[in-house]
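As structure tokens, the structure follows; a few thoughts come after it.
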Amino acid sequence: MAKRSGGLRFQPSGGEKEPQVPTGKKQRLSIERLANDGRGIAFLANRTWFVEGALPGEEVEARVLNARSQIVEARTERVLTASARRRAEPCPHARVCGGCNLQHLSAADQLELKQRSLAEQLSRVASIEPQQWAAPLSGPEFGYRRRARLAVRWDHKARRLDVGFRASASQDIVAIGECQVLVQPLQTLLPALLAVLHALDKPQVIGHLEMFSGTAEAVLVRHTAALGSDDLGRLVDFANEQNVQLWLQGEGPAQPLDPAYGLGYRLSAWGLELAWRPGDFVQVNAPVNEAMVTQALEWLAPEAGERVLDLFCGLGNFSLPLARKGAEVVAIEGVGEMVERARTNAEQNGLQRAHFYQADLSKPLIEAQWAKGGFAAVLLDPPRDGALEIVRQMATLGARRVVYVSCNPATLARDAAELVGQGYQLKQAGVLDMFPQTAHVEAMALFERPA
């Protein structure tokens with residue numbers, strides 16, 4: 001019999017090879033605990049099994065998706081003995097769609113999982129915990145997503161158009177007729193969009209679709225070949241009937257059908273409106289985004305006239321509210337088009353204290369002209385790979401306060417260890433539930449350096 005002790009797994013003696021676990025095999029498993037990504041963990045035959053859709057204490061029948069060495073990935077096919085914490089998934093596609101993987105958990109249990117994930121990363125990677133845990137920032141658990149990308153594929157053999165979201169752990173498309181995590185205007189729009197796509201003469205030229213909701217609703221149609229005049233007419237009629245903007249994208253950037261079109265979103269607490277275009281990064285969850293900005297400004301607590309550095313500033317999501325509070329903001333972004341739109345956003349909102357620059361944020365910052373004179377505070381909101389090169393330079397910038405907004409607790413923990421090594425203290429940290437019904441964790445941390 002295979003033995004295990006704690007988290008260790010023992011190989012068979014005598015150099016015996018473990019038998020392969022074939023993809024597609026069904027296996028009965030007893031789930032012991034949850035991984036930080038929301039999958040159930042089971043141990044069987046000297047292997048660790050990560051099982052989508054399973055909860056601790058459950059007996060499930062799972063189908064193998066992938067197996068390598070001592071790790072097997074599987075998906076729950078049947079729940080034989082259910083946990084008391086399990087709830088019926090509100091969406092009929094939840095068990096196959098790759099968009100949501102935690103609908104079988106309550107909102108409270110999802111938040112608990114995300115908080116545990118953040119705490120474990122900080123403890124394991126950086127051996128630290130905050131002096132104070134902040135309450136999680138959350139909003140509606142459904143009807144929150146203001147932008148979404150739909151996969152489109154033409155099945156030549158079946159002469160069928162598939163439109164929907166990618167299946168979990170697969171390139172297959174789950175055809176959908178509804179999506180409960182979309183904001184209401186996009187939920188209302190979706191059936192009409194599906195209908196016009198199925199009415200096209202040549203749907204095979206459609207690459208993918210994106211839906212947006214903000215100051216206006218919009219649909220982006222990515223096409224891999226020229227649209228026929230009849231199909232273009234159908235799309236135009238759809239846009240007019242639904243009162244949505246139609247954007248088209250061939251080989252180059254997305255272009256609006258009408259040059260007067262414009263997309264935007266509001267930060268109501270500051271009386272701001274930010275313009276953007278398809279392809280720009282915009283947080284998908286408006287209520288949590290506004291709460292996130294509010295908390296970041298409270299933690300930074302800039303005084304009038306203080307110089308604040310905003311790194312990875314995008315369209316000015318943090319920069320413009322900081323300027324509205326009276327800070328002198330130096331905002332840095334690597335994408336030139338985003339810098340130009342951020343400058344325009346500052347001008348259109350009448351803000352003179354936000355100054356935007358394009359820079360390669362993997363290079364030393366202190367050499368840049370805009371870095372001369374140092375900063376009282378720094379805010380950074382990097383991509384998933386974090387900002388290690390930047391935080392290595394943090395002490396040279398002179399900042400006493402640093403707010404780090406993260407979409408990856410692992411890289412946040414790694415970078416936190418570097419900041420602590422420079423004399424900063426982790427004062428507060430907490431999760432941002434930007435993506436309810438998923439295991440994706442966003443977080444915010446406040447670091448301060450004693451005088």
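Letters A, B, ... go to the chains of the structure tokens in the order shown; residues in each chain start at 1; ligands are counted from 1 in the same order.
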DSSP on the backbone: which residues in stretch 56-145 of chain A end up as strand (DSSP E)? Give the answer as an MDAnalysis selection string. chainID A and resid 59:68 71:81 132:133
Need the shell around A:Gly233: protein/DNA/RNA residues with any atom at most 12 Å away, counting only C-alpha atoms. Skip same-chain ones fewer than 3 positions apart. Format as a VMD selection string? chain A and resid 196 199 to 201 227 to 230 236 to 240 246 257
File dump, residues just selected, N, CA, C and O atoms, as a PDB file, in the first residue's frame:
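Written out: out34.pdb:
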```pdb
ATOM      1  N   VAL A 196     -27.772  37.853 -34.672  1.00  0.00           N
ATOM      2  CA  VAL A 196     -27.227  38.446 -35.890  1.00  0.00           C
ATOM      3  C   VAL A 196     -26.021  37.655 -36.389  1.00  0.00           C
ATOM      4  O   VAL A 196     -25.815  37.517 -37.606  1.00  0.00           O
ATOM      5  N   ALA A 199     -27.120  34.804 -38.380  1.00  0.00           N
ATOM      6  CA  ALA A 199     -27.773  35.201 -39.630  1.00  0.00           C
ATOM      7  C   ALA A 199     -26.777  35.620 -40.710  1.00  0.00           C
ATOM      8  O   ALA A 199     -27.178  35.880 -41.846  1.00  0.00           O
ATOM      9  N   LEU A 200     -25.490  35.676 -40.406  1.00  0.00           N
ATOM     10  CA  LEU A 200     -24.493  36.117 -41.384  1.00  0.00           C
ATOM     11  C   LEU A 200     -24.320  35.094 -42.501  1.00  0.00           C
ATOM     12  O   LEU A 200     -24.397  33.881 -42.276  1.00  0.00           O
ATOM     13  N   ASP A 201     -24.033  35.598 -43.705  1.00  0.00           N
ATOM     14  CA  ASP A 201     -23.765  34.707 -44.829  1.00  0.00           C
ATOM     15  C   ASP A 201     -22.427  33.996 -44.667  1.00  0.00           C
ATOM     16  O   ASP A 201     -22.290  32.825 -45.026  1.00  0.00           O
ATOM     17  N   LEU A 227     -15.504  41.754 -44.545  1.00  0.00           N
ATOM     18  CA  LEU A 227     -16.927  41.457 -44.392  1.00  0.00           C
ATOM     19  C   LEU A 227     -17.657  41.791 -45.682  1.00  0.00           C
ATOM     20  O   LEU A 227     -17.415  42.835 -46.298  1.00  0.00           O
ATOM     21  N   GLY A 228     -18.551  40.903 -46.091  1.00  0.00           N
ATOM     22  CA  GLY A 228     -19.378  41.193 -47.257  1.00  0.00           C
ATOM     23  C   GLY A 228     -20.340  42.335 -46.969  1.00  0.00           C
ATOM     24  O   GLY A 228     -20.678  42.601 -45.805  1.00  0.00           O
ATOM     25  N   SER A 229     -20.787  43.004 -48.023  1.00  0.00           N
ATOM     26  CA  SER A 229     -21.658  44.170 -47.832  1.00  0.00           C
ATOM     27  C   SER A 229     -22.960  43.794 -47.128  1.00  0.00           C
ATOM     28  O   SER A 229     -23.462  44.550 -46.289  1.00  0.00           O
ATOM     29  N   ASP A 230     -23.520  42.627 -47.464  1.00  0.00           N
ATOM     30  CA  ASP A 230     -24.767  42.214 -46.812  1.00  0.00           C
ATOM     31  C   ASP A 230     -24.546  41.935 -45.333  1.00  0.00           C
ATOM     32  O   ASP A 230     -25.364  42.336 -44.474  1.00  0.00           O
ATOM     33  N   VAL A 236     -24.644  46.496 -38.961  1.00  0.00           N
ATOM     34  CA  VAL A 236     -25.014  47.902 -38.768  1.00  0.00           C
ATOM     35  C   VAL A 236     -26.456  48.002 -38.282  1.00  0.00           C
ATOM     36  O   VAL A 236     -26.772  48.769 -37.367  1.00  0.00           O
ATOM     37  N   ASP A 237     -27.341  47.225 -38.914  1.00  0.00           N
ATOM     38  CA  ASP A 237     -28.747  47.231 -38.484  1.00  0.00           C
ATOM     39  C   ASP A 237     -28.868  46.784 -37.025  1.00  0.00           C
ATOM     40  O   ASP A 237     -29.645  47.367 -36.251  1.00  0.00           O
ATOM     41  N   PHE A 238     -28.125  45.746 -36.674  1.00  0.00           N
ATOM     42  CA  PHE A 238     -28.124  45.271 -35.282  1.00  0.00           C
ATOM     43  C   PHE A 238     -27.698  46.385 -34.334  1.00  0.00           C
ATOM     44  O   PHE A 238     -28.341  46.621 -33.300  1.00  0.00           O
ATOM     45  N   ALA A 239     -26.607  47.088 -34.674  1.00  0.00           N
ATOM     46  CA  ALA A 239     -26.103  48.152 -33.808  1.00  0.00           C
ATOM     47  C   ALA A 239     -27.127  49.272 -33.664  1.00  0.00           C
ATOM     48  O   ALA A 239     -27.338  49.805 -32.566  1.00  0.00           O
ATOM     49  N   ASN A 240     -27.778  49.634 -34.763  1.00  0.00           N
ATOM     50  CA  ASN A 240     -28.785  50.704 -34.704  1.00  0.00           C
ATOM     51  C   ASN A 240     -29.997  50.286 -33.875  1.00  0.00           C
ATOM     52  O   ASN A 240     -30.527  51.066 -33.073  1.00  0.00           O
ATOM     53  N   LEU A 246     -20.690  50.111 -32.845  1.00  0.00           N
ATOM     54  CA  LEU A 246     -20.094  48.995 -33.560  1.00  0.00           C
ATOM     55  C   LEU A 246     -18.663  49.366 -33.929  1.00  0.00           C
ATOM     56  O   LEU A 246     -18.427  50.385 -34.593  1.00  0.00           O
ATOM     57  N   LEU A 257     -17.262  52.347 -36.292  1.00  0.00           N
ATOM     58  CA  LEU A 257     -18.010  52.548 -37.525  1.00  0.00           C
ATOM     59  C   LEU A 257     -18.318  54.024 -37.720  1.00  0.00           C
ATOM     60  O   LEU A 257     -18.326  54.519 -38.855  1.00  0.00           O
TER      61      LEU A 257
END
```
A:Gln295: which residues within 10 Å, counting only C-alpha atoms, same-chain residues fewer than 4 positions away excluded, as JSON, numbers by chain? {"A": [134, 137, 289, 290, 291, 299, 300, 301, 403, 444]}
Export of the given selection (C-alpha atoms) as a PDB file, in the first residue's frame:
```
ATOM      1  CA  ALA A 134      -8.114  45.221   5.782  1.00  0.00           C
ATOM      2  CA  LEU A 137     -13.465  45.003  -0.962  1.00  0.00           C
ATOM      3  CA  ASN A 289     -12.705  49.495  -9.052  1.00  0.00           C
ATOM      4  CA  GLU A 290     -14.195  52.589  -7.416  1.00  0.00           C
ATOM      5  CA  ALA A 291     -13.789  51.065  -3.941  1.00  0.00           C
ATOM      6  CA  TRP A 299      -3.915  54.621   2.441  1.00  0.00           C
ATOM      7  CA  LEU A 300      -1.614  56.957   0.540  1.00  0.00           C
ATOM      8  CA  ALA A 301      -3.158  59.992   2.291  1.00  0.00           C
ATOM      9  CA  VAL A 403       0.649  51.263  -2.057  1.00  0.00           C
ATOM     10  CA  MET A 444      -3.696  45.782  -2.049  1.00  0.00           C
TER      11      MET A 444
END
```
Could you name the residues that touch A:Gln131 at 10 Å or less, counting only C-alpha atoms, but leaving out those on the same chain fewer than 6 positions away, as a ChimeraX atom specification? /A:425-429
Could you pull the residues within 10 Å of A:Gln352, counting only C-alpha atoms, minus those fewer than 4 positions along the same chain, as a list in words? Leu320, Ala323, Arg324, Gly326, Glu328, Val329, Arg343, Ala346 and Glu347 of chain A
Neighbouring residues of stretch 259-266 of chain A were defined as those with any atom within 12 Å, considering only C-alpha atoms; residues of the same chain fewer than 6 positions away were excluded. Please report them as a PyMOL selection string. chain A and resi 146-147+211-220+243-248+272-287+289-290+315-317+320-321+341+345+349
Could you write out, as a PDB file with C-alpha atoms, in the first residue's frame, all the residues of stretch 243-396 of chain A that DSSP marks as helix (DSSP H, G or I)?
```
ATOM      1  CA  SER A 268     -18.297  58.998  -9.604  1.00  0.00           C
ATOM      2  CA  ALA A 269     -16.751  59.805  -6.219  1.00  0.00           C
ATOM      3  CA  TRP A 270     -14.375  62.251  -7.901  1.00  0.00           C
ATOM      4  CA  ALA A 286     -16.894  49.092 -11.798  1.00  0.00           C
ATOM      5  CA  PRO A 287     -18.039  49.010  -8.115  1.00  0.00           C
ATOM      6  CA  VAL A 288     -14.892  47.257  -6.911  1.00  0.00           C
ATOM      7  CA  ASN A 289     -12.705  49.495  -9.052  1.00  0.00           C
ATOM      8  CA  GLU A 290     -14.195  52.589  -7.416  1.00  0.00           C
ATOM      9  CA  ALA A 291     -13.789  51.065  -3.941  1.00  0.00           C
ATOM     10  CA  MET A 292     -10.204  50.118  -4.804  1.00  0.00           C
ATOM     11  CA  VAL A 293      -9.322  53.665  -5.863  1.00  0.00           C
ATOM     12  CA  THR A 294     -10.953  55.065  -2.724  1.00  0.00           C
ATOM     13  CA  GLN A 295      -8.971  52.758  -0.461  1.00  0.00           C
ATOM     14  CA  ALA A 296      -5.699  53.431  -2.293  1.00  0.00           C
ATOM     15  CA  LEU A 297      -6.104  57.174  -1.790  1.00  0.00           C
ATOM     16  CA  GLU A 298      -7.027  56.721   1.864  1.00  0.00           C
ATOM     17  CA  TRP A 299      -3.915  54.621   2.441  1.00  0.00           C
ATOM     18  CA  LEU A 300      -1.614  56.957   0.540  1.00  0.00           C
ATOM     19  CA  SER A 319      -3.612  59.359 -11.252  1.00  0.00           C
ATOM     20  CA  LEU A 320      -6.637  61.535 -11.894  1.00  0.00           C
ATOM     21  CA  PRO A 321      -8.247  61.035  -8.454  1.00  0.00           C
ATOM     22  CA  LEU A 322      -4.851  61.703  -6.855  1.00  0.00           C
ATOM     23  CA  ALA A 323      -4.582  64.956  -8.806  1.00  0.00           C
ATOM     24  CA  ARG A 324      -8.153  65.827  -7.837  1.00  0.00           C
ATOM     25  CA  GLY A 336       2.462  55.146 -25.729  1.00  0.00           C
ATOM     26  CA  GLU A 337      -1.181  55.160 -26.850  1.00  0.00           C
ATOM     27  CA  MET A 338      -2.326  54.802 -23.244  1.00  0.00           C
ATOM     28  CA  VAL A 339      -0.111  57.720 -22.202  1.00  0.00           C
ATOM     29  CA  GLU A 340      -1.718  59.937 -24.835  1.00  0.00           C
ATOM     30  CA  ARG A 341      -5.212  58.981 -23.743  1.00  0.00           C
ATOM     31  CA  ALA A 342      -4.293  59.540 -20.094  1.00  0.00           C
ATOM     32  CA  ARG A 343      -3.082  63.049 -20.947  1.00  0.00           C
ATOM     33  CA  THR A 344      -6.300  63.714 -22.823  1.00  0.00           C
ATOM     34  CA  ASN A 345      -8.311  62.418 -19.874  1.00  0.00           C
ATOM     35  CA  ALA A 346      -6.496  64.808 -17.545  1.00  0.00           C
ATOM     36  CA  GLU A 347      -7.152  67.750 -19.883  1.00  0.00           C
ATOM     37  CA  GLN A 348     -10.822  66.903 -20.366  1.00  0.00           C
ATOM     38  CA  GLN A 369      14.316  63.441 -15.514  1.00  0.00           C
ATOM     39  CA  TRP A 370      10.820  63.088 -14.041  1.00  0.00           C
ATOM     40  CA  ALA A 371      12.280  61.147 -11.071  1.00  0.00           C
ATOM     41  CA  LEU A 388      10.628  43.349  -8.823  1.00  0.00           C
ATOM     42  CA  GLU A 389      13.019  45.631 -10.724  1.00  0.00           C
ATOM     43  CA  ILE A 390      11.043  48.669  -9.626  1.00  0.00           C
ATOM     44  CA  VAL A 391      10.759  47.755  -5.951  1.00  0.00           C
ATOM     45  CA  MET A 394      12.130  52.048  -4.178  1.00  0.00           C
ATOM     46  CA  ALA A 395      14.349  53.376  -1.394  1.00  0.00           C
ATOM     47  CA  THR A 396      16.277  55.544  -3.863  1.00  0.00           C
TER      48      THR A 396
END
```
Using only C-alpha atoms: which of A:Gly53, A:Val378, A:Pro364, A:Gly373 has the shortest distance to A:Arg392: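 For A:Arg392, the nearest of the candidates is A:Pro364.
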Please determine, counting only C-alpha atoms, which residue among A:Gly40, A:Pro130, A:Gly177, A:Gly271 has the shortest atom-to-atom distance to A:Leu113.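 Among the listed residues, A:Gly40 lies closest to A:Leu113.
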For a quick check of understanding, using only C-alpha atoms, which of A:His208, A:His93, A:Arg353, A:Arg414 has the smallest distance to A:Val221?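 Once distances to A:Val221 are computed over only C-alpha atoms, the minimum belongs to A:His208.
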